[in-house]
>>> print(open('start.csv').read())   # CSV, C-alpha atoms
chain,number,residue,atom,x,y,z
A,1300,MET,CA,146.6,35.3,173.8
A,1301,LYS,CA,146.4,33.4,170.5
A,1302,ASN,CA,145.0,36.4,168.8
A,1303,SER,CA,148.0,38.5,169.7
A,1304,ILE,CA,150.4,35.9,168.2
A,1305,ILE,CA,148.4,36.1,165.0
A,1306,ALA,CA,148.6,39.9,165.1
A,1307,LEU,CA,152.3,39.7,165.5
A,1308,LEU,CA,152.6,37.5,162.4
A,1309,VAL,CA,150.1,39.7,160.5
A,1310,GLY,CA,152.2,42.8,161.4
A,1311,MET,CA,155.4,41.0,160.1
A,1312,PHE,CA,153.8,40.2,156.8
A,1313,PHE,CA,152.4,43.8,156.6
A,1314,GLY,CA,155.8,45.3,157.4
A,1315,LEU,CA,157.6,43.0,154.9
A,1316,GLY,CA,155.0,43.9,152.2
A,1317,LEU,CA,155.3,47.6,152.9
A,1318,VAL,CA,159.1,47.7,152.5
A,1319,ILE,CA,159.2,45.2,149.5
A,1320,SER,CA,156.6,47.2,147.6
A,1321,GLY,CA,158.3,50.6,148.1
A,1322,MET,CA,155.7,52.2,150.3
A,1323,THR,CA,158.3,53.1,152.9
A,1324,ASN,CA,160.1,55.3,150.3
A,1325,PRO,CA,158.3,58.7,150.5
A,1326,HIS,CA,159.9,59.9,147.3
A,1327,LYS,CA,158.4,57.1,145.4
A,1328,VAL,CA,155.0,57.7,147.1
A,1329,ILE,CA,155.2,61.4,146.1
A,1330,ASN,CA,156.1,60.5,142.5
A,1331,PHE,CA,153.1,58.2,142.4
A,1332,LEU,CA,150.7,60.8,143.7
A,1333,ASN,CA,152.1,63.5,141.4
A,1334,PHE,CA,150.9,61.9,138.1
A,1335,THR,CA,151.3,65.1,136.1
A,1336,GLN,CA,155.1,64.8,136.0
A,1337,SER,CA,157.7,61.9,136.0
A,1338,TRP,CA,154.9,59.6,137.1
A,1339,ASP,CA,156.0,56.4,138.9
A,1340,PRO,CA,153.0,54.1,138.6
A,1341,SER,CA,154.5,51.2,140.6
A,1342,LEU,CA,152.6,52.0,143.7
A,1343,ALA,CA,149.3,51.4,141.8
A,1344,PHE,CA,150.6,47.8,141.6
A,1345,VAL,CA,150.8,47.7,145.4
A,1346,MET,CA,147.1,48.6,145.6
A,1347,LEU,CA,146.3,46.1,142.8
A,1348,GLY,CA,148.2,43.3,144.5
A,1349,ALA,CA,146.7,44.0,148.0
A,1350,ILE,CA,143.1,44.5,146.8
A,1351,GLY,CA,143.4,41.6,144.4
A,1352,VAL,CA,144.3,39.1,147.1
A,1353,HIS,CA,142.0,40.5,149.8
A,1354,THR,CA,138.9,40.9,147.5
A,1355,ILE,CA,139.0,37.2,146.6
A,1356,ALA,CA,139.7,36.2,150.2
A,1357,TYR,CA,136.9,38.4,151.5
A,1358,ARG,CA,134.3,36.8,149.1
A,1359,ILE,CA,135.2,33.5,150.8
A,1360,ILE,CA,135.4,34.8,154.4
A,1361,LYS,CA,132.1,36.6,154.3
A,1362,HIS,CA,130.2,33.3,154.2
A,1363,ARG,CA,131.5,32.4,157.6
A,1364,THR,CA,129.5,33.3,160.7
A,1365,SER,CA,132.5,33.9,163.0
A,1366,PRO,CA,136.3,34.2,162.8
A,1367,LEU,CA,138.5,31.0,163.3
A,1368,LEU,CA,139.3,32.1,166.9
A,1369,GLY,CA,135.6,32.7,167.6
A,1370,GLY,CA,133.8,35.8,168.6
A,1371,ASP,CA,132.4,38.2,166.1
A,1372,PHE,CA,133.7,39.8,162.9
A,1373,LYS,CA,134.4,43.5,163.8
A,1374,VAL,CA,133.7,44.9,160.4
A,1375,PRO,CA,132.4,48.5,160.1
A,1376,LYS,CA,128.7,48.4,159.3
A,1377,LYS,CA,128.3,52.1,158.7
A,1378,ASN,CA,127.6,53.1,155.1
A,1379,LYS,CA,126.7,56.7,155.4
A,1380,ILE,CA,129.1,59.0,153.6
A,1381,ASP,CA,129.3,61.9,156.1
A,1382,LYS,CA,131.2,65.2,156.4
A,1383,GLN,CA,133.7,63.7,158.8
A,1384,LEU,CA,134.7,61.0,156.2
A,1385,ILE,CA,135.1,63.5,153.4
A,1386,ILE,CA,136.9,66.3,155.3
A,1387,GLY,CA,139.0,63.8,157.2
A,1388,SER,CA,140.1,62.0,154.1
A,1389,ALA,CA,140.9,65.3,152.3
A,1390,ILE,CA,143.1,66.4,155.3
A,1391,PHE,CA,144.8,63.0,155.4
A,1392,GLY,CA,145.5,63.2,151.6
A,1393,ILE,CA,147.1,66.7,152.0
A,1394,GLY,CA,149.4,65.3,154.7
A,1395,TRP,CA,150.2,62.2,152.7
A,1396,GLY,CA,151.2,64.3,149.7
A,1397,LEU,CA,153.2,66.7,151.9
A,1398,GLY,CA,155.3,64.1,153.7
A,1399,GLY,CA,155.0,61.0,151.6
A,1400,TYR,CA,154.1,58.9,154.6
A,1401,CYS,CA,150.9,57.3,155.6
A,1402,PRO,CA,150.4,55.6,159.0
A,1403,GLY,CA,151.5,52.0,158.2
A,1404,PRO,CA,154.8,52.9,156.4
A,1405,ALA,CA,155.4,55.6,159.1
A,1406,ILE,CA,155.6,52.8,161.7
A,1407,ALA,CA,157.8,50.6,159.4
A,1408,SER,CA,160.1,53.5,158.8
A,1409,LEU,CA,161.0,53.8,162.5
A,1410,VAL,CA,163.5,51.0,162.0
A,1411,SER,CA,165.5,53.3,159.8
A,1412,LEU,CA,166.1,55.4,163.0
A,1413,LYS,CA,165.9,58.5,160.9
A,1414,THR,CA,165.0,61.8,162.6
A,1415,GLU,CA,162.2,62.5,160.1
A,1416,SER,CA,160.5,59.1,160.9
A,1417,PHE,CA,160.4,60.0,164.6
A,1418,ILE,CA,159.2,63.5,164.0
A,1419,PHE,CA,156.4,62.2,161.7
A,1420,MET,CA,155.3,59.6,164.3
A,1421,LEU,CA,155.2,62.1,167.1
A,1422,THR,CA,153.2,64.8,165.2
A,1423,MET,CA,150.9,62.1,163.8
A,1424,ILE,CA,150.0,60.9,167.3
A,1425,LEU,CA,149.5,64.5,168.3
A,1426,GLY,CA,147.2,65.0,165.3
A,1427,MET,CA,145.1,62.0,166.4
A,1428,GLN,CA,144.9,63.3,169.9
A,1429,LEU,CA,143.9,66.8,168.7
A,1430,HIS,CA,141.0,65.4,166.7
A,1431,SER,CA,140.0,63.2,169.5
A,1432,LEU,CA,139.8,66.2,171.8
A,1433,TYR,CA,138.0,68.3,169.2
A,1434,GLU,CA,135.5,65.5,168.7
A,1435,LYS,CA,134.8,65.4,172.5
A,1436,LYS,CA,134.3,69.1,172.6
A,1437,ILE,CA,131.8,69.0,169.8
A,1438,MET,CA,129.9,66.1,171.5
A,1439,LYS,CA,129.8,68.1,174.7
A,1440,GLY,CA,128.5,71.1,172.8
A,1441,MET,CA,125.7,69.1,171.4
A,1442,ASN,CA,124.4,67.8,174.7
B,293,MET,CA,162.7,57.5,136.9
B,294,GLU,CA,162.6,54.0,138.2
B,295,THR,CA,159.9,52.4,136.2
B,296,SER,CA,161.5,49.0,135.6
B,297,VAL,CA,159.6,45.8,135.4
B,298,THR,CA,161.4,44.6,138.6
B,299,ASN,CA,160.0,47.5,140.5
B,300,TRP,CA,156.5,46.8,139.3
B,301,LEU,CA,156.8,43.1,140.3
B,302,LEU,CA,158.1,44.0,143.7
B,303,ALA,CA,155.2,46.4,144.2
B,304,LEU,CA,152.7,43.7,143.1
B,305,GLY,CA,154.3,41.1,145.3
B,306,GLY,CA,154.6,43.4,148.3
B,307,GLY,CA,151.0,44.4,147.7
B,308,GLY,CA,150.0,40.7,147.7
B,309,LEU,CA,151.7,40.2,151.1
B,310,ILE,CA,149.7,43.2,152.5
B,311,GLY,CA,146.5,41.7,151.1
B,312,MET,CA,147.5,38.3,152.7
B,313,ALA,CA,148.2,40.0,156.0
B,314,ALA,CA,144.7,41.7,156.0
B,315,THR,CA,143.2,38.3,155.1
B,316,ILE,CA,144.8,36.4,158.0
B,317,LEU,CA,143.7,39.1,160.5
B,318,LEU,CA,140.1,39.0,159.3
B,319,LEU,CA,139.8,35.3,158.9
B,320,ILE,CA,141.4,34.3,162.2
B,321,ASN,CA,140.9,37.3,164.5
B,322,GLY,CA,137.9,38.9,162.8
B,323,ARG,CA,139.5,42.3,162.7
B,324,ILE,CA,140.2,44.9,160.0
B,325,MET,CA,143.8,45.7,159.3
B,326,GLY,CA,143.7,49.5,159.5
B,327,ALA,CA,147.0,51.0,160.6
B,328,SER,CA,145.7,54.3,161.8
B,329,GLY,CA,143.0,52.8,163.9
B,330,ILE,CA,145.4,50.3,165.5
B,331,ILE,CA,147.9,53.1,166.3
B,332,PHE,CA,145.1,55.1,167.9
B,333,GLY,CA,144.0,52.0,169.8
B,334,VAL,CA,147.4,51.9,171.5
B,335,ILE,CA,147.3,55.6,172.4
B,336,LYS,CA,143.8,55.4,173.8
B,337,PRO,CA,143.7,51.8,175.0
B,338,ILE,CA,140.4,49.9,175.4
B,339,LYS,CA,140.6,47.3,178.2
B,340,GLY,CA,141.1,43.8,176.8
B,341,ASP,CA,141.5,45.0,173.2
B,342,THR,CA,145.0,46.4,173.2
B,343,LEU,CA,147.6,43.6,173.5
B,344,TRP,CA,147.1,42.4,169.9
B,345,LYS,CA,147.5,46.0,168.6
B,346,TYR,CA,150.9,46.3,170.3
B,347,LYS,CA,151.9,42.9,168.8
B,348,PHE,CA,150.7,44.0,165.4
B,349,LEU,CA,152.8,47.2,165.6
B,350,LEU,CA,155.8,45.2,166.9
B,351,GLY,CA,155.3,42.8,163.9
B,352,ILE,CA,155.5,45.7,161.5
B,353,LEU,CA,158.9,46.7,163.0
B,354,LEU,CA,160.2,43.2,162.8
B,355,GLY,CA,158.9,42.7,159.2
B,356,ALA,CA,160.3,46.0,158.0
B,357,PHE,CA,163.7,45.3,159.8
B,358,SER,CA,164.1,41.9,158.1
B,359,ALA,CA,163.0,43.3,154.7
B,360,SER,CA,165.7,46.0,154.9
B,361,PHE,CA,168.4,43.3,154.7
B,362,PHE,CA,167.4,42.3,151.1
B,363,ILE,CA,165.8,45.5,149.8
B,364,ASP,CA,168.3,48.1,148.8
B,365,GLU,CA,167.3,51.7,149.6
B,366,ALA,CA,164.4,50.4,151.7
B,367,PHE,CA,164.1,53.7,153.6
B,368,ILE,CA,165.8,56.1,151.3
B,369,ASN,CA,164.1,59.4,151.0
B,370,LEU,CA,165.0,61.7,148.1
B,371,SER,CA,161.9,63.8,148.5
B,372,ASN,CA,163.8,66.8,149.9
B,373,ARG,CA,160.9,67.7,152.1
B,374,SER,CA,162.0,69.8,155.1
B,375,LEU,CA,161.6,68.5,158.6
B,376,ILE,CA,158.9,71.3,159.1
B,377,SER,CA,156.9,69.9,156.2
B,378,ILE,CA,157.3,66.4,157.7
B,379,ALA,CA,156.0,67.6,161.0
B,380,ILE,CA,153.0,69.4,159.5
B,381,ALA,CA,152.4,66.3,157.4
B,382,GLY,CA,152.3,64.1,160.5
B,383,LEU,CA,149.8,66.4,162.2
B,384,LEU,CA,147.5,66.4,159.1
B,385,VAL,CA,147.8,62.6,158.6
B,386,GLY,CA,147.0,62.0,162.3
B,387,PHE,CA,144.1,64.5,162.4
B,388,GLY,CA,142.7,63.4,159.1
B,389,THR,CA,142.8,59.6,159.6
B,390,HIS,CA,141.2,59.9,163.0
B,391,MET,CA,138.4,62.2,161.6
B,392,GLY,CA,137.9,60.0,158.4
B,393,ASN,CA,138.2,56.7,160.3
B,394,GLY,CA,140.9,55.2,158.3
B,395,CYS,CA,143.9,55.4,156.0
B,396,THR,CA,145.5,53.6,153.1
B,397,SER,CA,145.3,50.2,154.7
B,398,GLY,CA,141.9,50.4,156.4
B,399,HIS,CA,140.0,52.3,153.6
B,400,GLY,CA,142.3,51.7,150.6
B,401,VAL,CA,142.9,48.0,151.0
B,402,CYS,CA,140.4,46.4,153.3
B,403,GLY,CA,137.4,48.7,152.6
B,404,ILE,CA,137.8,48.7,148.8
B,405,SER,CA,138.1,44.9,148.9
B,406,ARG,CA,134.7,44.8,150.7
B,407,MET,CA,133.3,47.3,148.2
B,408,SER,CA,132.4,49.7,151.0
B,409,SER,CA,131.1,52.9,149.5
B,410,ARG,CA,132.6,54.9,152.4
B,411,SER,CA,136.1,53.5,151.8
B,412,ILE,CA,135.9,53.9,148.0
B,413,THR,CA,134.9,57.6,148.6
B,414,ALA,CA,137.6,58.1,151.2
B,415,THR,CA,140.3,56.6,149.0
B,416,PHE,CA,139.3,58.6,146.0
B,417,ILE,CA,139.4,61.8,148.1
B,418,PHE,CA,142.8,61.2,149.7
B,419,ILE,CA,144.5,60.2,146.5
B,420,LEU,CA,143.0,63.3,144.9
B,421,THR,CA,144.1,65.8,147.6
B,422,GLY,CA,147.4,64.0,147.8
B,423,ALA,CA,147.9,64.5,144.1
B,424,ILE,CA,147.0,68.1,144.3
B,425,THR,CA,149.4,68.7,147.2
B,426,THR,CA,152.3,67.0,145.4
B,427,LEU,CA,151.6,69.0,142.3
B,428,LEU,CA,151.5,72.3,144.2
B,429,MET,CA,154.7,71.3,146.1
B,430,SER,CA,156.6,70.5,142.9
B,431,LYS,CA,155.5,73.9,141.4
B,432,SER,CA,156.6,75.8,144.5
B,433,ILE,CA,160.0,74.0,144.4
B,434,THR,CA,160.6,75.0,140.8
B,435,LEU,CA,159.6,78.6,141.6
B,436,PHE,CA,162.1,79.0,144.4
>>> encode(input="start.csv", output="structure tokens")
Amino acid sequence: MKNSIIALLVGMFFGLGLVISGMTNPHKVINFLNFTQSWDPSLAFVMLGAIGVHTIAYRIIKHRTSPLLGGDFKVPKKNKIDKQLIIGSAIFGIGWGLGGYCPGPAIASLVSLKTESFIFMLTMILGMQLHSLYEKKIMKGMN
Amino acid sequence: METSVTNWLLALGGGGLIGMAATILLLINGRIMGASGIIFGVIKPIKGDTLWKYKFLLGILLGAFSASFFIDEAFINLSNRSLISIAIAGLLVGFGTHMGNGCTSGHGVCGISRMSSRSITATFIFILTGAITTLLMSKSITLF
């Protein structure tokens, strides 16, 4: 129960941060990605701010054996760079450049009640489901 | 273009908040703040590991809603992308983040901060293909 209250608070900070930083403005995101013309570098500062804070914090947290609420740290241990990672990230980037939305800001943008936000959210969920089905099919084929 | 110092400071400050959010989730709950993974966790629930994901997503809505009162043009979109482009973009973002196990928050913020080679690779790739896509789109818009 406690962990879900923390998650609510974390979500609020994340949502605030996304809007304040301009990540919920797809036009700005597109102008950041398109660095060949009228480049808007401000979103690089978002990454800088977020990575700056979290890098320092991570150095401190990693010395702990467990999180404050107990249990284990669920941090990905995998370090193999596989085909899924490369192709998946490439596909994600194409979608990000096409729409200007990535998953976090897409959720935050729902409060604008704009049609495009809902369409994006629906097709994004569909895309996740499609890959999940595709993955299962491949797994079946392997056995 | 808006390249004022104010915008940069807001971006840096907002980014700091995102880094702080990721820090609290890791320090207290021991979890990675990856938006795409959390969204998928709600679509395909795992027993006993779902409530916090709902709360996190609800928190994003509350945070974004309150920020929209003091940030002008919080959700303005001047990108002129058609709804069809947006729909295809959603499909690609959903498929790609599920296949690549993460997005801008999970790989770009949390993973890079941990110096994960997978996340550094992923972030490099999605920024690259994102850049190529925006370039091609801007060329096709000037052509037609």
>>> closest_residue(input="start.csv", among="B:Met407, B:Val385, B:Met325, B:Ile376", to="chain A", atoms="all atoms listed in the file")
B:Val385
>>> residues_near_point(input="start.csv", point="(148.5, 70.4, 150.8)", cutoff="9 Å", atoms="all atoms listed in the file", output="VMD selection string")
(chain A and resid 1390 1392 to 1397) or (chain B and resid 381 421 to 426 428 to 429)
>>> write_last_selection(input="start.csv", atoms="C-alpha atoms", output="PDB file, in the frame of the given file")
ATOM      1  CA  ILE A1390     143.100  66.400 155.300  1.00  0.00           C
ATOM      2  CA  GLY A1392     145.500  63.200 151.600  1.00  0.00           C
ATOM      3  CA  ILE A1393     147.100  66.700 152.000  1.00  0.00           C
ATOM      4  CA  GLY A1394     149.400  65.300 154.700  1.00  0.00           C
ATOM      5  CA  TRP A1395     150.200  62.200 152.700  1.00  0.00           C
ATOM      6  CA  GLY A1396     151.200  64.300 149.700  1.00  0.00           C
ATOM      7  CA  LEU A1397     153.200  66.700 151.900  1.00  0.00           C
TER       8      LEU A1397
ATOM      9  CA  ALA B 381     152.400  66.300 157.400  1.00  0.00           C
ATOM     10  CA  THR B 421     144.100  65.800 147.600  1.00  0.00           C
ATOM     11  CA  GLY B 422     147.400  64.000 147.800  1.00  0.00           C
ATOM     12  CA  ALA B 423     147.900  64.500 144.100  1.00  0.00           C
ATOM     13  CA  ILE B 424     147.000  68.100 144.300  1.00  0.00           C
ATOM     14  CA  THR B 425     149.400  68.700 147.200  1.00  0.00           C
ATOM     15  CA  THR B 426     152.300  67.000 145.400  1.00  0.00           C
ATOM     16  CA  LEU B 428     151.500  72.300 144.200  1.00  0.00           C
ATOM     17  CA  MET B 429     154.700  71.300 146.100  1.00  0.00           C
TER      18      MET B 429
END
>>> residues_around(input="start.csv", residues="range 1308-1310 of chain A", least_positions_apart="6", cutoff="8 Å", atoms="all atoms listed in the file", output="list in words")
Ala313, Ala314, Ile316, Leu317, Lys347, Phe348, Leu349, Leu350, Gly351, Ile352, Leu353 and Gly355 of chain B
>>> write_last_selection(input="start.csv", atoms="C-alpha atoms", output="JSON list (two decimals), in the frame of the given file")
[["chain", "number", "residue", "atom", "x", "y", "z"],
["B", 313, "ALA", "CA", 148.20, 40.00, 156.00],
["B", 314, "ALA", "CA", 144.70, 41.70, 156.00],
["B", 316, "ILE", "CA", 144.80, 36.40, 158.00],
["B", 317, "LEU", "CA", 143.70, 39.10, 160.50],
["B", 347, "LYS", "CA", 151.90, 42.90, 168.80],
["B", 348, "PHE", "CA", 150.70, 44.00, 165.40],
["B", 349, "LEU", "CA", 152.80, 47.20, 165.60],
["B", 350, "LEU", "CA", 155.80, 45.20, 166.90],
["B", 351, "GLY", "CA", 155.30, 42.80, 163.90],
["B", 352, "ILE", "CA", 155.50, 45.70, 161.50],
["B", 353, "LEU", "CA", 158.90, 46.70, 163.00],
["B", 355, "GLY", "CA", 158.90, 42.70, 159.20]]
>>> closest_atom_pairs(input="start.csv", of="range 328-410 of chain B", to="range 1322-1341 of chain A", cutoff="12 Å", atoms="only C-alpha atoms", output="JSON lines")
{"residue": "B:Ile352", "atom": "CA", "partner": "A:Thr1323", "partner_atom": "CA", "distance": 11.7}
{"residue": "B:Leu353", "atom": "CA", "partner": "A:Thr1323", "partner_atom": "CA", "distance": 12.0}
{"residue": "B:Ala356", "atom": "CA", "partner": "A:Thr1323", "partner_atom": "CA", "distance": 9.0}
{"residue": "B:Phe357", "atom": "CA", "partner": "A:Thr1323", "partner_atom": "CA", "distance": 11.7}
{"residue": "B:Ala359", "atom": "CA", "partner": "A:Thr1323", "partner_atom": "CA", "distance": 11.0}
{"residue": "B:Ser360", "atom": "CA", "partner": "A:Thr1323", "partner_atom": "CA", "distance": 10.4}
{"residue": "B:Ile363", "atom": "CA", "partner": "A:Thr1323", "partner_atom": "CA", "distance": 11.1}
{"residue": "B:Asp364", "atom": "CA", "partner": "A:Asn1324", "partner_atom": "CA", "distance": 11.0}
{"residue": "B:Glu365", "atom": "CA", "partner": "A:Asn1324", "partner_atom": "CA", "distance": 8.1}
{"residue": "B:Ala366", "atom": "CA", "partner": "A:Asn1324", "partner_atom": "CA", "distance": 6.7}
{"residue": "B:Phe367", "atom": "CA", "partner": "A:Asn1324", "partner_atom": "CA", "distance": 5.4}
{"residue": "B:Ile368", "atom": "CA", "partner": "A:Asn1324", "partner_atom": "CA", "distance": 5.8}
{"residue": "B:Asn369", "atom": "CA", "partner": "A:His1326", "partner_atom": "CA", "distance": 5.6}
{"residue": "B:Leu370", "atom": "CA", "partner": "A:His1326", "partner_atom": "CA", "distance": 5.5}
{"residue": "B:Ser371", "atom": "CA", "partner": "A:His1326", "partner_atom": "CA", "distance": 4.5}
{"residue": "B:Asn372", "atom": "CA", "partner": "A:His1326", "partner_atom": "CA", "distance": 8.3}
{"residue": "B:Arg373", "atom": "CA", "partner": "A:His1326", "partner_atom": "CA", "distance": 9.2}
{"residue": "B:Ile378", "atom": "CA", "partner": "A:Pro1325", "partner_atom": "CA", "distance": 10.6}
{"residue": "B:Ala381", "atom": "CA", "partner": "A:Pro1325", "partner_atom": "CA", "distance": 11.8}
{"residue": "B:Thr396", "atom": "CA", "partner": "A:Met1322", "partner_atom": "CA", "distance": 10.7}
{"residue": "B:Ser397", "atom": "CA", "partner": "A:Met1322", "partner_atom": "CA", "distance": 11.5}
>>> atom_distance(input="start.csv", atom1="CA of Val334 in chain B", atom2="CA of Gln1428 in chain A")
11.8 Å
>>> atom_distance(input="start.csv", atom1="CA of Ser328 in chain B", atom2="CA of Gly394 in chain B")
6.0 Å
>>> atom_distance(input="start.csv", atom1="CA of Ile417 in chain B", atom2="CA of Ala1389 in chain A")
5.7 Å
>>> residues_around(input="start.csv", residues="Ser1431 in chain A", least_positions_apart="2", cutoff="12 Å", atoms="only C-alpha atoms", output="JSON list (two decimals) with C-alpha atoms, keeping the file's coordinate frame")
[["chain", "number", "residue", "atom", "x", "y", "z"],
["A", 1424, "ILE", "CA", 150.00, 60.90, 167.30],
["A", 1425, "LEU", "CA", 149.50, 64.50, 168.30],
["A", 1426, "GLY", "CA", 147.20, 65.00, 165.30],
["A", 1427, "MET", "CA", 145.10, 62.00, 166.40],
["A", 1428, "GLN", "CA", 144.90, 63.30, 169.90],
["A", 1429, "LEU", "CA", 143.90, 66.80, 168.70],
["A", 1433, "TYR", "CA", 138.00, 68.30, 169.20],
["A", 1434, "GLU", "CA", 135.50, 65.50, 168.70],
["A", 1435, "LYS", "CA", 134.80, 65.40, 172.50],
["A", 1436, "LYS", "CA", 134.30, 69.10, 172.60],
["A", 1437, "ILE", "CA", 131.80, 69.00, 169.80],
["A", 1438, "MET", "CA", 129.90, 66.10, 171.50],
["B", 332, "PHE", "CA", 145.10, 55.10, 167.90],
["B", 333, "GLY", "CA", 144.00, 52.00, 169.80],
["B", 335, "ILE", "CA", 147.30, 55.60, 172.40],
["B", 336, "LYS", "CA", 143.80, 55.40, 173.80],
["B", 386, "GLY", "CA", 147.00, 62.00, 162.30],
["B", 387, "PHE", "CA", 144.10, 64.50, 162.40],
["B", 388, "GLY", "CA", 142.70, 63.40, 159.10],
["B", 389, "THR", "CA", 142.80, 59.60, 159.60],
["B", 390, "HIS", "CA", 141.20, 59.90, 163.00],
["B", 391, "MET", "CA", 138.40, 62.20, 161.60],
["B", 392, "GLY", "CA", 137.90, 60.00, 158.40],
["B", 393, "ASN", "CA", 138.20, 56.70, 160.30]]
>>> closest_residue(input="start.csv", among="A:Met1441, A:Leu1315, A:Thr1414, A:Met1300", to="chain B", atoms="all atoms listed in the file")
A:Leu1315
>>> closest_residue(input="start.csv", among="B:Gly326, B:Gly311, B:Pro337, B:Gly398", to="chain A", atoms="all atoms listed in the file")
B:Gly311
>>> residues_around(input="start.csv", residues="range 1365-1367 of chain A", least_positions_apart="4", cutoff="10 Å", atoms="all atoms listed in the file", output="list in words")
Ile1360, Lys1361, Asp1371, Phe1372 and Lys1373 of chain A; Ile316, Leu317, Leu318, Leu319, Ile320, Asn321, Gly322 and Arg323 of chain B
>>> closest_residue(input="start.csv", among="B:Ala379, B:Cys402, B:Cys395, B:Ile330", to="Ile419 in chain B", atoms="all atoms listed in the file")
B:Cys395
>>> closest_residue(input="start.csv", among="B:Leu384, B:Leu309, B:Ser430, B:Ser358", to="Pro1402 in chain A", atoms="all atoms listed in the file")
B:Leu384
>>> closest_residue(input="start.csv", among="A:Ser1416, A:Leu1432, A:Gly1387, A:Gly1369", to="chain B", atoms="all atoms listed in the file")
A:Gly1387
>>> build_atoms(input="start.csv", residues="range 372-377 of chain B", atoms="all heavy atoms", output="PDB file, in the frame of the given file")
ATOM      1  N   ASN B 372     163.404  65.478 149.529  1.00  0.00           N
ATOM      2  CA  ASN B 372     163.800  66.800 149.900  1.00  0.00           C
ATOM      3  C   ASN B 372     162.785  67.644 150.651  1.00  0.00           C
ATOM      4  O   ASN B 372     162.799  68.860 150.627  1.00  0.00           O
ATOM      5  CB  ASN B 372     164.219  67.647 148.626  1.00  0.00           C
ATOM      6  CG  ASN B 372     165.495  67.122 148.022  1.00  0.00           C
ATOM      7  OD1 ASN B 372     166.396  66.716 148.746  1.00  0.00           O
ATOM      8  ND2 ASN B 372     165.560  67.113 146.704  1.00  0.00           N
ATOM      9  N   ARG B 373     161.848  66.949 151.297  1.00  0.00           N
ATOM     10  CA  ARG B 373     160.900  67.700 152.100  1.00  0.00           C
ATOM     11  C   ARG B 373     161.602  68.088 153.422  1.00  0.00           C
ATOM     12  O   ARG B 373     162.349  67.282 154.004  1.00  0.00           O
ATOM     13  CB  ARG B 373     159.693  66.791 152.485  1.00  0.00           C
ATOM     14  CG  ARG B 373     158.867  66.357 151.296  1.00  0.00           C
ATOM     15  CD  ARG B 373     158.038  67.498 150.755  1.00  0.00           C
ATOM     16  NE  ARG B 373     156.894  66.988 150.026  1.00  0.00           N
ATOM     17  CZ  ARG B 373     156.773  67.005 148.699  1.00  0.00           C
ATOM     18  NH1 ARG B 373     157.728  67.500 147.949  1.00  0.00           N
ATOM     19  NH2 ARG B 373     155.670  66.537 148.134  1.00  0.00           N
ATOM     20  N   SER B 374     161.363  69.307 153.862  1.00  0.00           N
ATOM     21  CA  SER B 374     162.000  69.800 155.100  1.00  0.00           C
ATOM     22  C   SER B 374     161.378  69.097 156.303  1.00  0.00           C
ATOM     23  O   SER B 374     160.266  68.561 156.215  1.00  0.00           O
ATOM     24  CB  SER B 374     161.834  71.279 155.215  1.00  0.00           C
ATOM     25  OG  SER B 374     160.463  71.564 155.406  1.00  0.00           O
ATOM     26  N   LEU B 375     162.092  69.139 157.436  1.00  0.00           N
ATOM     27  CA  LEU B 375     161.600  68.500 158.600  1.00  0.00           C
ATOM     28  C   LEU B 375     160.271  69.238 159.091  1.00  0.00           C
ATOM     29  O   LEU B 375     159.397  68.622 159.689  1.00  0.00           O
ATOM     30  CB  LEU B 375     162.597  68.546 159.774  1.00  0.00           C
ATOM     31  CG  LEU B 375     163.742  67.534 159.616  1.00  0.00           C
ATOM     32  CD1 LEU B 375     164.701  67.634 160.792  1.00  0.00           C
ATOM     33  CD2 LEU B 375     163.215  66.099 159.491  1.00  0.00           C
ATOM     34  N   ILE B 376     160.158  70.526 158.753  1.00  0.00           N
ATOM     35  CA  ILE B 376     158.900  71.300 159.100  1.00  0.00           C
ATOM     36  C   ILE B 376     157.757  70.705 158.295  1.00  0.00           C
ATOM     37  O   ILE B 376     156.674  70.463 158.825  1.00  0.00           O
ATOM     38  CB  ILE B 376     159.117  72.775 158.903  1.00  0.00           C
ATOM     39  CG1 ILE B 376     160.130  73.285 159.947  1.00  0.00           C
ATOM     40  CG2 ILE B 376     157.790  73.522 159.023  1.00  0.00           C
ATOM     41  CD1 ILE B 376     160.563  74.707 159.772  1.00  0.00           C
ATOM     42  N   SER B 377     157.990  70.464 156.998  1.00  0.00           N
ATOM     43  CA  SER B 377     156.900  69.900 156.200  1.00  0.00           C
ATOM     44  C   SER B 377     156.534  68.501 156.725  1.00  0.00           C
ATOM     45  O   SER B 377     155.358  68.164 156.795  1.00  0.00           O
ATOM     46  CB  SER B 377     157.418  69.641 154.733  1.00  0.00           C
ATOM     47  OG  SER B 377     157.692  70.875 154.131  1.00  0.00           O
TER      48      SER B 377
END
